[in-house]
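Participant: Pasting a structure below so you can have a look.
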Amino acid sequence: IDPRELAVVIIFDGVKALDESVVEWLDDMLEVSKQDNPVRTLIKKVFPNGTKDPNHVWPMDVPQDTSTVCQFKFKKTFVGDANKTIYLNTFFVAKHANGQKLSSHIWFFQGFCKFFAPKYCVLLDCGTIPHEDAFLNFYLAFETDPQLGGCCGNMSVSNATFFGVEGAQLFEYTFSHIVDKALEGVTGFIHVLPGAFSAYRWEAINDDEIFKNYFKTIQIKNPQPPIPKDFKVTRCCEYPFTKRKGDLKYENYMKNAMTCQEKNMYLAEDRIFCLDIFTRRNCNYILKYIPHSKAKTDVMPTFISLLNQRRRWINGAWFAFLYNWKNMNKVLRSSHNYLRLLLFYISMFYAAFNTVLTYFLISLYYVVAKIILKEAILPRNEEAELEMIIIYDILKSGLLLLYFAIFIYSLHFKAQNAQIFFKFAATVLGTVSYTHLRAHETGRNLVCRLLLEKK
């Protein structure tokens, strides 16, 4: 691969969070003085006093909805061969204001990719470190399969231990790739390609309808009008102006407004993006899981941040699945063969089964915990003493009471406002899970051994 055919786009989301070390690195890459660095000049305009206060009022003469772009060539000289030097085309984009992930994706897809028209493009989060041959495996997958529209690799957790928040996420990442991603890859439809580590064929995603759905929440040309100050919310899904028909201003608002279901499902816009790629009109692109393309990523370091993240993910995944389920017949407009259509519908029904199963997981967990308590306290072939039966009933009732308390606290409190209770509940339930794993750790049970020995 000729390095001149590659380009790297580094998008930094907001200059308020830009660290000084990044600006100094940019000085070296641009090979300019501090006075000639456009990003440093921008920071001086935003913070004229020199102090980066998050509550600082944005200057009126600096637009927030644009970015400062710097172009340079990253130089790499191989050790032992001083004459062999390669240069990599690199673009550094410093967004003036923080616009979050989809804003960065607009700059990447609708800006750079529309202009360069690349053959393939890769998305990589700042906290994700790919293996040295991860991108090569993506490239080989695209080159060997012209139907491949998008793919993802095997993501693991960096610096994870068995115990703690990182260990819980290691368990989840390992299981999701071994079971879910591998099975979905067989059907040719991956329900979600994570934006932290995925790749796409530009020809497969370069479609106005796909990008319209993907960027629906941040429509730049038709933004959602603000709600008036005198409006009082009476129901969750009720919008203002619903009873004021005939006024053009209010009619335009209702035309652009999103329902509560749409706002929730676009928390997981990646799932809608994958469905649109697979069901693109008159095309037969598929999505794959590439297990040999590996990367390690940073995960949530604290339990409360993890809880808030998973609340958002679960909520978005549920509503996005409902949307995909209602629109899965869009696959009939594609040019997939009958076998691929059958595998797609099997994948969707399997996802529906897993979704329904989540409503029974808490009851199944209680049954397992009850069996563990019974095996640990009450003897099998002997008549139990009254004291042991009382202890067993107390622990069983306490566990059931804890479930109800979690349900009530989840409805009435935010995670950060009830940290002590949620940490206590996680400790109790985690102890039961760990006991269950240890009880099944045998020489034949390779799955439990894998999870227990995974570093």
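All residue names refer to the structure tokens as shown: chains lettered A, B, ... in order, residues numbered from 1 in each chain, ligands numbered from 1 in order.
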Would you kindly return, as a ChimeraX atom specification, each protein, DNA or RNA residue with an atom no farther than 9 Å from any atom of Cys70 in chain A, considering only C-alpha atoms and excluding same-chain residues fewer than 4 positions away?
Facilitator: /A:26,30,37-39,90-94
Participant: Mind dumping a table of every range 118-233 of chain A residue within 6 Å of range 280-302 of chain A, with the nearest atom pair and its distance in Å to one decimal, using only C-alpha atoms, sorted by chain and rising number, as JSON lines?
Facilitator:
```
{"residue": "A:Gly127", "atom": "CA", "partner": "A:Asp298", "partner_atom": "CA", "distance": 5.3}
{"residue": "A:Thr128", "atom": "CA", "partner": "A:Thr297", "partner_atom": "CA", "distance": 4.1}
{"residue": "A:Ile129", "atom": "CA", "partner": "A:Lys296", "partner_atom": "CA", "distance": 5.3}
{"residue": "A:Pro130", "atom": "CA", "partner": "A:Ala295", "partner_atom": "CA", "distance": 4.0}
{"residue": "A:His131", "atom": "CA", "partner": "A:Ala295", "partner_atom": "CA", "distance": 5.4}
{"residue": "A:Ala134", "atom": "CA", "partner": "A:Ser293", "partner_atom": "CA", "distance": 4.2}
{"residue": "A:Asn137", "atom": "CA", "partner": "A:Ser293", "partner_atom": "CA", "distance": 5.6}
{"residue": "A:Gln147", "atom": "CA", "partner": "A:Tyr285", "partner_atom": "CA", "distance": 4.8}
{"residue": "A:Leu148", "atom": "CA", "partner": "A:Ile286", "partner_atom": "CA", "distance": 5.1}
{"residue": "A:Gly149", "atom": "CA", "partner": "A:Tyr285", "partner_atom": "CA", "distance": 5.0}
{"residue": "A:Gly150", "atom": "CA", "partner": "A:Leu287", "partner_atom": "CA", "distance": 4.9}
{"residue": "A:Cys151", "atom": "CA", "partner": "A:Lys288", "partner_atom": "CA", "distance": 4.7}
{"residue": "A:Cys152", "atom": "CA", "partner": "A:Tyr289", "partner_atom": "CA", "distance": 5.2}
{"residue": "A:Gly153", "atom": "CA", "partner": "A:Ser293", "partner_atom": "CA", "distance": 4.8}
{"residue": "A:Asn154", "atom": "CA", "partner": "A:Lys294", "partner_atom": "CA", "distance": 4.7}
{"residue": "A:Met155", "atom": "CA", "partner": "A:Ala295", "partner_atom": "CA", "distance": 5.0}
{"residue": "A:Ser156", "atom": "CA", "partner": "A:Lys296", "partner_atom": "CA", "distance": 4.7}
{"residue": "A:Val157", "atom": "CA", "partner": "A:Lys296", "partner_atom": "CA", "distance": 5.3}
{"residue": "A:Ser158", "atom": "CA", "partner": "A:Lys296", "partner_atom": "CA", "distance": 5.2}
{"residue": "A:Gly185", "atom": "CA", "partner": "A:Lys288", "partner_atom": "CA", "distance": 4.8}
{"residue": "A:Gly188", "atom": "CA", "partner": "A:Ile286", "partner_atom": "CA", "distance": 5.2}
{"residue": "A:Phe189", "atom": "CA", "partner": "A:Leu287", "partner_atom": "CA", "distance": 5.0}
{"residue": "A:Ile190", "atom": "CA", "partner": "A:Leu287", "partner_atom": "CA", "distance": 5.5}
```
Participant: What would the file look like if the residues just selected were written as a PDB file, in the first residue's frame with N, CA, C and O atoms?
Facilitator:
```
ATOM      1  N   GLY A 127      -9.463   6.753  22.535  1.00  0.00           N
ATOM      2  CA  GLY A 127      -9.062   5.828  23.591  1.00  0.00           C
ATOM      3  C   GLY A 127      -8.888   4.397  23.143  1.00  0.00           C
ATOM      4  O   GLY A 127      -8.679   3.514  23.981  1.00  0.00           O
ATOM      5  N   THR A 128      -8.964   4.133  21.843  1.00  0.00           N
ATOM      6  CA  THR A 128      -8.828   2.777  21.314  1.00  0.00           C
ATOM      7  C   THR A 128      -7.471   2.609  20.641  1.00  0.00           C
ATOM      8  O   THR A 128      -7.088   3.424  19.793  1.00  0.00           O
ATOM      9  N   ILE A 129      -6.740   1.568  21.021  1.00  0.00           N
ATOM     10  CA  ILE A 129      -5.414   1.299  20.466  1.00  0.00           C
ATOM     11  C   ILE A 129      -5.491   0.028  19.620  1.00  0.00           C
ATOM     12  O   ILE A 129      -5.662  -1.061  20.161  1.00  0.00           O
ATOM     13  N   PRO A 130      -5.370   0.132  18.309  1.00  0.00           N
ATOM     14  CA  PRO A 130      -5.455  -1.054  17.460  1.00  0.00           C
ATOM     15  C   PRO A 130      -4.153  -1.848  17.469  1.00  0.00           C
ATOM     16  O   PRO A 130      -3.066  -1.304  17.719  1.00  0.00           O
ATOM     17  N   HIS A 131      -4.261  -3.138  17.191  1.00  0.00           N
ATOM     18  CA  HIS A 131      -3.075  -3.966  17.016  1.00  0.00           C
ATOM     19  C   HIS A 131      -2.366  -3.549  15.734  1.00  0.00           C
ATOM     20  O   HIS A 131      -2.955  -2.928  14.850  1.00  0.00           O
ATOM     21  N   ALA A 134      -4.186  -4.586  12.629  1.00  0.00           N
ATOM     22  CA  ALA A 134      -5.650  -4.496  12.666  1.00  0.00           C
ATOM     23  C   ALA A 134      -6.204  -3.880  11.383  1.00  0.00           C
ATOM     24  O   ALA A 134      -7.134  -4.414  10.764  1.00  0.00           O
ATOM     25  N   ASN A 137      -5.875  -6.175   8.346  1.00  0.00           N
ATOM     26  CA  ASN A 137      -6.910  -7.213   8.275  1.00  0.00           C
ATOM     27  C   ASN A 137      -8.227  -6.650   7.744  1.00  0.00           C
ATOM     28  O   ASN A 137      -8.951  -7.332   7.001  1.00  0.00           O
ATOM     29  N   GLN A 147     -18.516  -7.654  -1.783  1.00  0.00           N
ATOM     30  CA  GLN A 147     -19.837  -7.400  -1.189  1.00  0.00           C
ATOM     31  C   GLN A 147     -19.753  -6.782   0.199  1.00  0.00           C
ATOM     32  O   GLN A 147     -20.761  -6.307   0.718  1.00  0.00           O
ATOM     33  N   LEU A 148     -18.590  -6.792   0.794  1.00  0.00           N
ATOM     34  CA  LEU A 148     -18.444  -6.317   2.167  1.00  0.00           C
ATOM     35  C   LEU A 148     -18.632  -4.809   2.219  1.00  0.00           C
ATOM     36  O   LEU A 148     -17.841  -4.043   1.656  1.00  0.00           O
ATOM     37  N   GLY A 149     -19.679  -4.365   2.916  1.00  0.00           N
ATOM     38  CA  GLY A 149     -19.947  -2.939   3.048  1.00  0.00           C
ATOM     39  C   GLY A 149     -19.401  -2.335   4.319  1.00  0.00           C
ATOM     40  O   GLY A 149     -19.091  -1.138   4.369  1.00  0.00           O
ATOM     41  N   GLY A 150     -19.279  -3.128   5.374  1.00  0.00           N
ATOM     42  CA  GLY A 150     -18.746  -2.643   6.639  1.00  0.00           C
ATOM     43  C   GLY A 150     -18.331  -3.806   7.510  1.00  0.00           C
ATOM     44  O   GLY A 150     -18.817  -4.933   7.342  1.00  0.00           O
ATOM     45  N   CYS A 151     -17.424  -3.544   8.437  1.00  0.00           N
ATOM     46  CA  CYS A 151     -16.944  -4.612   9.313  1.00  0.00           C
ATOM     47  C   CYS A 151     -16.459  -4.011  10.624  1.00  0.00           C
ATOM     48  O   CYS A 151     -16.221  -2.802  10.731  1.00  0.00           O
ATOM     49  N   CYS A 152     -16.316  -4.861  11.601  1.00  0.00           N
ATOM     50  CA  CYS A 152     -15.781  -4.459  12.894  1.00  0.00           C
ATOM     51  C   CYS A 152     -14.825  -5.538  13.373  1.00  0.00           C
ATOM     52  O   CYS A 152     -14.845  -6.667  12.875  1.00  0.00           O
ATOM     53  N   GLY A 153     -13.971  -5.191  14.342  1.00  0.00           N
ATOM     54  CA  GLY A 153     -12.990  -6.127  14.851  1.00  0.00           C
ATOM     55  C   GLY A 153     -13.296  -6.562  16.268  1.00  0.00           C
ATOM     56  O   GLY A 153     -14.377  -6.305  16.812  1.00  0.00           O
ATOM     57  N   ASN A 154     -12.320  -7.221  16.855  1.00  0.00           N
ATOM     58  CA  ASN A 154     -12.443  -7.743  18.217  1.00  0.00           C
ATOM     59  C   ASN A 154     -11.873  -6.723  19.189  1.00  0.00           C
ATOM     60  O   ASN A 154     -10.666  -6.491  19.220  1.00  0.00           O
ATOM     61  N   MET A 155     -12.746  -6.098  19.968  1.00  0.00           N
ATOM     62  CA  MET A 155     -12.312  -5.106  20.940  1.00  0.00           C
ATOM     63  C   MET A 155     -12.226  -5.723  22.323  1.00  0.00           C
ATOM     64  O   MET A 155     -13.151  -6.404  22.764  1.00  0.00           O
ATOM     65  N   SER A 156     -11.123  -5.458  22.995  1.00  0.00           N
ATOM     66  CA  SER A 156     -10.937  -5.915  24.358  1.00  0.00           C
ATOM     67  C   SER A 156     -10.705  -4.714  25.263  1.00  0.00           C
ATOM     68  O   SER A 156     -10.667  -3.575  24.800  1.00  0.00           O
ATOM     69  N   VAL A 157     -10.568  -4.976  26.547  1.00  0.00           N
ATOM     70  CA  VAL A 157     -10.417  -3.918  27.535  1.00  0.00           C
ATOM     71  C   VAL A 157      -8.949  -3.781  27.901  1.00  0.00           C
ATOM     72  O   VAL A 157      -8.277  -4.775  28.172  1.00  0.00           O
ATOM     73  N   SER A 158      -8.442  -2.574  27.891  1.00  0.00           N
ATOM     74  CA  SER A 158      -7.053  -2.336  28.254  1.00  0.00           C
ATOM     75  C   SER A 158      -6.921  -2.236  29.773  1.00  0.00           C
ATOM     76  O   SER A 158      -7.749  -1.604  30.445  1.00  0.00           O
ATOM     77  N   GLY A 185     -22.040 -12.431  12.354  1.00  0.00           N
ATOM     78  CA  GLY A 185     -21.183 -12.443  11.173  1.00  0.00           C
ATOM     79  C   GLY A 185     -21.517 -13.562  10.212  1.00  0.00           C
ATOM     80  O   GLY A 185     -21.348 -13.422   8.996  1.00  0.00           O
ATOM     81  N   GLY A 188     -24.273 -12.427   7.946  1.00  0.00           N
ATOM     82  CA  GLY A 188     -23.946 -11.319   7.053  1.00  0.00           C
ATOM     83  C   GLY A 188     -24.525 -10.002   7.480  1.00  0.00           C
ATOM     84  O   GLY A 188     -24.400  -8.995   6.754  1.00  0.00           O
ATOM     85  N   PHE A 189     -25.147  -9.950   8.652  1.00  0.00           N
ATOM     86  CA  PHE A 189     -25.726  -8.694   9.154  1.00  0.00           C
ATOM     87  C   PHE A 189     -25.317  -8.501  10.600  1.00  0.00           C
ATOM     88  O   PHE A 189     -25.778  -9.223  11.488  1.00  0.00           O
ATOM     89  N   ILE A 190     -24.430  -7.538  10.847  1.00  0.00           N
ATOM     90  CA  ILE A 190     -24.034  -7.159  12.198  1.00  0.00           C
ATOM     91  C   ILE A 190     -24.986  -6.071  12.671  1.00  0.00           C
ATOM     92  O   ILE A 190     -25.141  -5.039  12.001  1.00  0.00           O
TER      93      ILE A 190
END
```
Participant: Taking only C-alpha atoms into account, name the residue in A:Tyr366, A:Tyr323, A:Phe407, A:Trp318 that is nearest to Leu395 in chain A.
Facilitator: A:Tyr366
Participant: Using only C-alpha atoms, find the one residue out of A:Ala182, A:Ala196, A:Leu401, A:Val368 that sits nearest to Cys126 in chain A.
Facilitator: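 Ranking A:Ala182, A:Ala196, A:Leu401, A:Val368 by distance to Cys126 in chain A, first place goes to A:Ala196.
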Participant: Can you list, as number ranges by chain, all residues belonging to range 246-420 of chain A that DSSP tags as alpha helix (DSSP H)?
Facilitator: A: 248-256, 260-265, 269-278, 303-326, 338-357, 361-377, 386-412, 419-420
Participant: Using C-alpha atoms, can you export the residues from the last selection as a compact mmCIF listing (two decimals), in the first residue's frame?
Facilitator:
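File written: selection.txt
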```
# COMPACT_ATOMS: atom_id res chain seq x y z
CA LEU A 248 -47.07 28.37 9.47
CA LYS A 249 -44.45 28.74 12.24
CA TYR A 250 -46.07 26.06 14.37
CA GLU A 251 -46.69 23.77 11.40
CA ASN A 252 -42.98 23.94 10.50
CA TYR A 253 -42.09 23.13 14.08
CA MET A 254 -44.25 20.01 14.08
CA LYS A 255 -42.76 18.97 10.75
CA ASN A 256 -39.20 19.08 12.15
CA CYS A 260 -39.77 10.71 22.20
CA GLN A 261 -39.32 7.34 20.49
CA GLU A 262 -37.14 8.90 17.76
CA LYS A 263 -35.01 10.77 20.28
CA ASN A 264 -34.43 7.57 22.22
CA MET A 265 -33.70 5.35 19.23
CA GLU A 269 -27.92 5.55 15.63
CA ASP A 270 -25.22 3.01 14.73
CA ARG A 271 -27.86 0.27 14.64
CA ILE A 272 -30.02 2.23 12.20
CA PHE A 273 -26.91 2.95 10.12
CA CYS A 274 -26.15 -0.78 9.82
CA LEU A 275 -29.71 -1.62 8.75
CA ASP A 276 -29.63 1.08 6.05
CA ILE A 277 -26.35 -0.26 4.65
CA PHE A 278 -27.62 -3.83 4.50
CA PHE A 303 -19.31 2.20 38.61
CA ILE A 304 -21.58 5.26 38.42
CA SER A 305 -20.24 6.33 35.02
CA LEU A 306 -20.69 2.75 33.80
CA LEU A 307 -24.27 2.69 35.08
CA ASN A 308 -25.13 5.96 33.33
CA GLN A 309 -23.54 4.75 30.09
CA ARG A 310 -25.39 1.43 30.09
CA ARG A 311 -28.68 3.11 30.90
CA ARG A 312 -28.24 5.21 27.78
CA TRP A 313 -27.08 2.26 25.65
CA ILE A 314 -29.88 -0.06 26.74
CA ASN A 315 -32.51 2.62 26.20
CA GLY A 316 -31.19 3.48 22.74
CA ALA A 317 -30.75 -0.17 21.75
CA TRP A 318 -34.34 -1.00 22.70
CA PHE A 319 -35.95 1.77 20.64
CA ALA A 320 -33.51 1.26 17.75
CA PHE A 321 -34.43 -2.42 17.68
CA LEU A 322 -38.12 -1.53 17.53
CA TYR A 323 -37.39 0.71 14.56
CA ASN A 324 -35.34 -1.98 12.82
CA TRP A 325 -38.02 -4.59 13.51
CA LYS A 326 -40.71 -2.41 11.96
CA TYR A 338 -32.94 -15.78 -1.00
CA LEU A 339 -30.38 -17.46 1.25
CA ARG A 340 -29.12 -14.11 2.51
CA LEU A 341 -32.67 -12.93 3.10
CA LEU A 342 -33.41 -16.06 5.12
CA LEU A 343 -30.28 -15.56 7.24
CA PHE A 344 -31.22 -11.91 7.80
CA TYR A 345 -34.69 -12.79 9.07
CA ILE A 346 -33.20 -15.49 11.30
CA SER A 347 -30.84 -12.88 12.73
CA MET A 348 -33.71 -10.47 13.39
CA PHE A 349 -35.84 -13.12 15.11
CA TYR A 350 -32.84 -14.17 17.18
CA ALA A 351 -32.37 -10.53 18.24
CA ALA A 352 -36.06 -10.33 19.10
CA PHE A 353 -35.75 -13.44 21.24
CA ASN A 354 -32.77 -11.96 23.11
CA THR A 355 -34.66 -8.72 23.61
CA VAL A 356 -37.65 -10.51 25.12
CA LEU A 357 -35.33 -12.65 27.21
CA LEU A 361 -33.10 -12.21 33.18
CA ILE A 362 -33.75 -10.77 36.63
CA SER A 363 -36.05 -13.69 37.49
CA LEU A 364 -33.56 -16.23 36.15
CA TYR A 365 -30.84 -14.56 38.19
CA TYR A 366 -33.00 -14.88 41.29
CA VAL A 367 -33.60 -18.58 40.61
CA VAL A 368 -29.84 -19.20 40.27
CA ALA A 369 -29.10 -17.22 43.44
CA LYS A 370 -31.79 -19.16 45.30
CA ILE A 371 -30.26 -22.47 44.21
CA ILE A 372 -26.78 -21.34 45.31
CA LEU A 373 -28.07 -20.31 48.75
CA LYS A 374 -29.93 -23.58 49.14
CA GLU A 375 -26.86 -25.64 48.17
CA ALA A 376 -24.60 -23.65 50.50
CA ILE A 377 -26.83 -23.59 53.59
CA LEU A 386 -34.56 -24.96 62.10
CA GLU A 387 -31.82 -22.29 62.46
CA MET A 388 -30.43 -23.05 58.99
CA ILE A 389 -33.91 -22.89 57.45
CA ILE A 390 -34.46 -19.49 59.09
CA ILE A 391 -31.11 -18.20 57.76
CA TYR A 392 -31.97 -19.48 54.29
CA ASP A 393 -35.40 -17.79 54.35
CA ILE A 394 -33.89 -14.50 55.58
CA LEU A 395 -31.23 -14.42 52.83
CA LYS A 396 -33.76 -15.41 50.17
CA SER A 397 -36.21 -12.72 51.29
CA GLY A 398 -33.40 -10.17 51.55
CA LEU A 399 -32.32 -10.85 47.98
CA LEU A 400 -35.90 -10.48 46.75
CA LEU A 401 -36.24 -7.24 48.70
CA LEU A 402 -33.02 -5.97 47.12
CA TYR A 403 -34.50 -6.51 43.65
CA PHE A 404 -37.55 -4.42 44.50
CA ALA A 405 -35.34 -1.71 46.03
CA ILE A 406 -33.24 -1.55 42.84
CA PHE A 407 -36.42 -1.14 40.80
CA ILE A 408 -37.71 1.70 43.00
CA TYR A 409 -34.36 3.49 43.20
CA SER A 410 -33.88 3.24 39.43
CA LEU A 411 -37.21 4.99 38.86
CA HIS A 412 -36.82 7.76 41.43
CA GLN A 419 -24.23 5.98 44.75
CA ILE A 420 -24.03 4.15 48.08
```
Participant: Would you compute the distance between CA of Ser198 in chain A and CA of Val122 in chain A? Give it in Å to one decimal.
Facilitator: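 Going from CA of Ser198 in chain A over to CA of Val122 in chain A covers 5.9 Å.
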Participant: Find, counting only C-alpha atoms, the residue in A:Val69, A:Ala97, A:Val179, A:Ala199 that gets nearest to Phe142 in chain A.
Facilitator: A:Ala199
